[in-house]
Amino acid sequence: MPRFRHARAALAGALAAVLLSLLAAAHPAPAVAAAVPEVDLTAARAHWIDATTVVWPVAAAPGGSHRLLHDPRGRIAAADGRLTGTDPGRSLRLTPAQLTAEQRAAHPHLADLPAFAVDRRDADRVEAALRGQLVAAQWSADGTLTAATGVQIPGVLDDVYARAATEAQLGPVFGENGTPTLSVWAPTAREVALELGGRTVPMRRDRDSGVWSVTGHRGWYGQPYRYRVTVWAPAAQEVVTNRVTDLYATALTADSERSLVIDLNDPRLAPAGWDSLAKPGPVPPRRATIQELHVRDFSVADPTSAHPGRYLAFTDEDSAGMRHLTGLAEAGTTHLHLLPTFDIATIPERAEDQAEPSCDLAAFPADSPDQQACVAGVRADDAYNWGYDPLHFTVPEGSYATDPDGARRTLEYRRMVQGINGAGLGVVLDVVYNHTAAAGQDSASVLDRIVPGYYHRLLADGSVANSTCCANTAPEHAMMGKLIVDSVITWATQYKVDGFRFDLMGHHPRQNMLDVRAALDDLTLAGDGVDGRNILLYGEGWNFGEVANDARFVQATQAHMAGTGIATFSDRARDAVRGGGPFDADPGVQGFASGLFTDPNSSATNGTEAEQRARLLHYQDLIKVGLTGNLAGFTFTDSTGRTVTGAEVDYNGAPAGYAADPGDALAYVDAHDNETLFDALAYKLPADTAPADRARAQVVAQATALLSQGPVLGQAGTDLLRSKSLDRNSYDSGDWYNAIHWDCAAGNGFGRGLPPVWDNEHYWPYAAPLLTAPGLDIGCAETGAASAAYRDLLTIRATEDVFGLATAEEVTERISFPLSGPGETPGVIVMAAGDLVVVFNATPERQSQPVAALAGRDYALHPVQADGADPVVRSAAFSPANGTFEVPARTVAVFARG
């Protein structure tokens, strides 16, 4: 099939993060225009919200009339101010009406628009009308056509069919004797048939649910199939016959050309030991420590891996990558978060179809534009993409399998899960249900070619919203919500994964996420083979786009998810630690760990000395809120001397603290979006900062997340000072910029050329001088030191209960910041955590921090650090005479009470 490369210039969390940084609270989507006096059948400005009601922003037509016209063959057209192809017998009369309170609440973005009631005499025509072209038309009293438009139908489809359809089992379902039944929800289709084995098999429609199904025989097993759906397609403005794969597919042929009749319970698809798979012990969300990793990044450049770039690389126990992951697990990492591994629309799955750069990338200078130009020449056809462009939600991506043509990808995916679990790590899947790679009649569109106009969120004119970067789905619609829940349950039960990270979760209704949580909680070891209550859920709770500020439903945003057991990424401390925001025009904006005020760089953007000091102290307030787990109610003294709660600390006009419980907010300082932490510090630390000091600054930054309450996430390779050569959005930058180099002799990835022009051109003037700067030439000494220091802190987090407190009350009782206030040392945070004291010294100088209340106490450097790998931290000391803690430059020291 043709391949499509959807430029994701504002990817997932990156897009949301910049919008949140620039807009404290996104403005609501503007209301639909009050009056649209036009005849345009290519638009869909009328909303049929339930079987009895249509909402349509048209001006009143005193004495006129309104109707819903329908035609099963799509022959209604507009010409010269008139409609042609209409039939009086195929229409529903509309009369002006008022929305009920319930209807207004269900459709808040339509609440203030004119409404019309479907005449009760025409109620028996509703089902027929939904199975063809629909036009809302208005005539004046003299019979002149004054307005006509297409009709949005998700609301009425849910009203008419969802109660029965949500109970249906869709996709391939097997009886006890192995007989398959294939079912697809297509309520608006004129006809649906099954194409299988070179023949076309009729399917039967259930009137109550709108589900078409057919039962076959055991000989169908393993056969490729498609549905042949004849349906009115608004995008094409005609009735079409689509040959389309199954949106509930569980297996595919290569390049997703056909679905396969496969039973995931087939013993042949289970690797040895699958039924008795030993999982790592359960971890409450507040104790989770997660590494985020792309399947291909992990092994494609690892010469010790027998399966570079494949699922099976995670079964290579003796590879450098697996040894590193196992070491992290032993030190305290609990989960491995895999970037999208479902069926991806933009990667050729057969190795022979995958292009590779034709030039010698390593031969070009470190600051050359030639590397990115060479990568650009093949990026539409290479083997790389982050994968935020879903095609089929519940089938493993084929390019990571040794054979993409068939069900081997299922077997190898399960072996991958086994390998990761065997290393002591749970598996978290990055799932992207908020958009698809395409909509309409595009060949990369599946949902919209089965039920056109339903699965995607439509704007006022009927066009598909794309605020997420691509075609936004609509989880607020019953069957899209069902698809998400069913897909998650399949991954949980059939692949035994341990968690899910929801991309752009703020575009989901809160209720949809609660439904996912409830469905997982119902899974038991006895009945389903997994304990769903121990499966992690977290996601990006950003607030933007057409759904912002609950414009259409109560969103799954940061504030709304507090107390649900579903965590959200917190950008508050992230920005304070790094400095500025992800999309600053000048990447040299400094923060706590990058030298603001304490080690200023040459960027004028940072402001005067006084401005830097004030901003740094406010950043420290944000970091303190983050260290408490972003609790809204935690009380402390801020940098102005006021007693404040976390919710009263400002983050770009929004509350910094929004969590109700310590597990509500996920702490992080870098992820796949935006520059790696090393690259961000390359821009922000002074140019003459020595490599060893850069390594130490990186550990300080990581520690602010690692020693926070609640779950923590870090990008894989960050402990090794991983660089992407300053690429801020490497979603399609190929292996050259993305691969992790586990062997320090291969470098950390820095200086592999100017980052790709398509999303970095503005930053080239800043990047070019850095890529050849001697202070950024990182070697094994620096990567080794950073990794070892990080692991020591990781072990402290894992072994000290105070870094995983269960309730907000416990955090209030056991966490404090004794030196907070206007007199606090800029660049230094002192945190008391139960019997521990943690000093974060981000400054380039040794610091003394007297805590009078601790005079006479017996504190010493934590045994893990005292006996650890970092010789610098071992010089940290405590003086009981005056309660003073002394900590070396760019060091986080943990002191334990004797």
# chains A, B, ... in the order shown; residues from 1 in each chain; ligands from 1
call {"tool": "residues_around", "arguments": {"residues": "stretch 504-509 of chain A", "least_positions_apart": "2", "cutoff": "7 Å", "atoms": "only C-alpha atoms", "output": "number ranges by chain"}}
result
A: 12-13, 434, 475-476, 502, 511-513, 539-543, 547, 553-557
call {"tool": "residues_around", "arguments": {"residues": "stretch 369-380 of chain A", "least_positions_apart": "5", "cutoff": "10 Å", "atoms": "only C-alpha atoms", "output": "ChimeraX atom specification"}}
result
/A:3-6,346-348,354-364,385,732-737,752-758,764,768
call {"tool": "residues_around", "arguments": {"residues": "stretch 172-175 of chain A", "least_positions_apart": "4", "cutoff": "10 Å", "atoms": "only C-alpha atoms", "output": "VMD selection string"}}
result
chain A and resid 179 to 184 213 to 218 221 246 248 to 251 259 to 265
call {"tool": "write_last_selection", "arguments": {"atoms": "C-alpha atoms", "output": "mmCIF file, in the first residue's frame"}}
result
data_model
loop_
_atom_site.group_PDB
_atom_site.id
_atom_site.type_symbol
_atom_site.label_atom_id
_atom_site.label_comp_id
_atom_site.auth_asym_id
_atom_site.auth_seq_id
_atom_site.Cartn_x
_atom_site.Cartn_y
_atom_site.Cartn_z
ATOM 1 C CA THR A 179 -15.084 -21.621 14.419
ATOM 2 C CA PRO A 180 -14.469 -17.919 13.736
ATOM 3 C CA THR A 181 -17.099 -15.201 13.709
ATOM 4 C CA LEU A 182 -16.084 -11.867 12.196
ATOM 5 C CA SER A 183 -18.033 -8.783 13.226
ATOM 6 C CA VAL A 184 -17.747 -5.095 12.375
ATOM 7 C CA SER A 213 -21.239 -10.397 11.169
ATOM 8 C CA VAL A 214 -20.564 -13.739 9.556
ATOM 9 C CA THR A 215 -19.596 -17.102 11.006
ATOM 10 C CA GLY A 216 -17.182 -19.208 9.030
ATOM 11 C CA HIS A 217 -15.462 -22.540 9.531
ATOM 12 C CA ARG A 218 -12.125 -23.692 10.883
ATOM 13 C CA TYR A 221 -7.995 -19.817 10.238
ATOM 14 C CA ASP A 246 -10.587 -4.632 10.386
ATOM 15 C CA TYR A 248 -10.433 -4.721 15.547
ATOM 16 C CA ALA A 249 -7.730 -6.721 13.761
ATOM 17 C CA THR A 250 -5.431 -8.799 15.962
ATOM 18 C CA ALA A 251 -3.013 -9.789 13.185
ATOM 19 C CA SER A 259 -6.255 -8.502 8.416
ATOM 20 C CA LEU A 260 -5.745 -12.133 9.428
ATOM 21 C CA VAL A 261 -8.163 -14.596 10.996
ATOM 22 C CA ILE A 262 -5.952 -15.336 14.001
ATOM 23 C CA ASP A 263 -6.819 -16.510 17.509
ATOM 24 C CA LEU A 264 -4.459 -14.908 20.022
ATOM 25 C CA ASN A 265 -5.153 -17.882 22.318
#
call {"tool": "atom_distance", "arguments": {"atom1": "atom CA of A:Asp461", "atom2": "atom CA of A:Asp80"}}
result
21.5 Å
call {"tool": "closest_residue", "arguments": {"among": "A:Val669, A:Leu312, A:Val451, A:Val295", "to": "A:Gly387", "atoms": "only C-alpha atoms"}}
result
A:Val295
call {"tool": "select_by_dssp", "arguments": {"residues": "stretch 58-161 of chain A", "states": "alpha helix (DSSP H)", "output": "ChimeraX atom specification"}}
result
/A:101-106,126-129,154-157
call {"tool": "write_last_selection", "arguments": {"atoms": "N, CA and C atoms", "output": "CSV table (one decimal), in the first residue's frame"}}
result
chain,number,residue,atom,x,y,z
A,101,ALA,N,-31.8,20.6,29.5
A,101,ALA,CA,-30.6,20.7,30.3
A,101,ALA,C,-29.6,19.5,30.1
A,102,GLU,N,-30.2,18.4,29.9
A,102,GLU,CA,-29.4,17.2,29.7
A,102,GLU,C,-28.7,17.2,28.4
A,103,GLN,N,-29.3,17.7,27.4
A,103,GLN,CA,-28.7,17.8,26.1
A,103,GLN,C,-27.6,18.8,26.1
A,104,ARG,N,-27.9,20.0,26.7
A,104,ARG,CA,-26.9,21.0,26.8
A,104,ARG,C,-25.6,20.5,27.5
A,105,ALA,N,-25.8,19.7,28.6
A,105,ALA,CA,-24.7,19.2,29.3
A,105,ALA,C,-23.9,18.2,28.5
A,106,ALA,N,-24.6,17.4,27.7
A,106,ALA,CA,-23.9,16.4,26.9
A,106,ALA,C,-23.2,17.0,25.7
A,126,VAL,N,-35.8,7.4,10.7
A,126,VAL,CA,-34.5,7.8,11.2
A,126,VAL,C,-33.4,6.8,10.8
A,127,GLU,N,-33.7,5.5,10.9
A,127,GLU,CA,-32.7,4.5,10.6
A,127,GLU,C,-32.3,4.5,9.1
A,128,ALA,N,-33.3,4.6,8.3
A,128,ALA,CA,-33.1,4.7,6.8
A,128,ALA,C,-32.3,5.9,6.5
A,129,ALA,N,-32.6,7.0,7.1
A,129,ALA,CA,-31.9,8.3,6.8
A,129,ALA,C,-30.4,8.2,7.1
A,154,PRO,N,-22.6,11.6,14.7
A,154,PRO,CA,-22.1,10.8,15.8
A,154,PRO,C,-23.1,10.7,17.0
A,155,GLY,N,-23.7,11.8,17.3
A,155,GLY,CA,-24.7,11.8,18.4
A,155,GLY,C,-25.9,10.9,18.2
A,156,VAL,N,-26.5,11.0,17.0
A,156,VAL,CA,-27.6,10.2,16.8
A,156,VAL,C,-27.2,8.7,16.6
A,157,LEU,N,-26.1,8.4,16.1
A,157,LEU,CA,-25.6,7.0,16.0
A,157,LEU,C,-25.5,6.4,17.4
call {"tool": "atom_distance", "arguments": {"atom1": "atom CA of A:Pro308", "atom2": "atom CA of A:Pro404"}}
result
15.4 Å
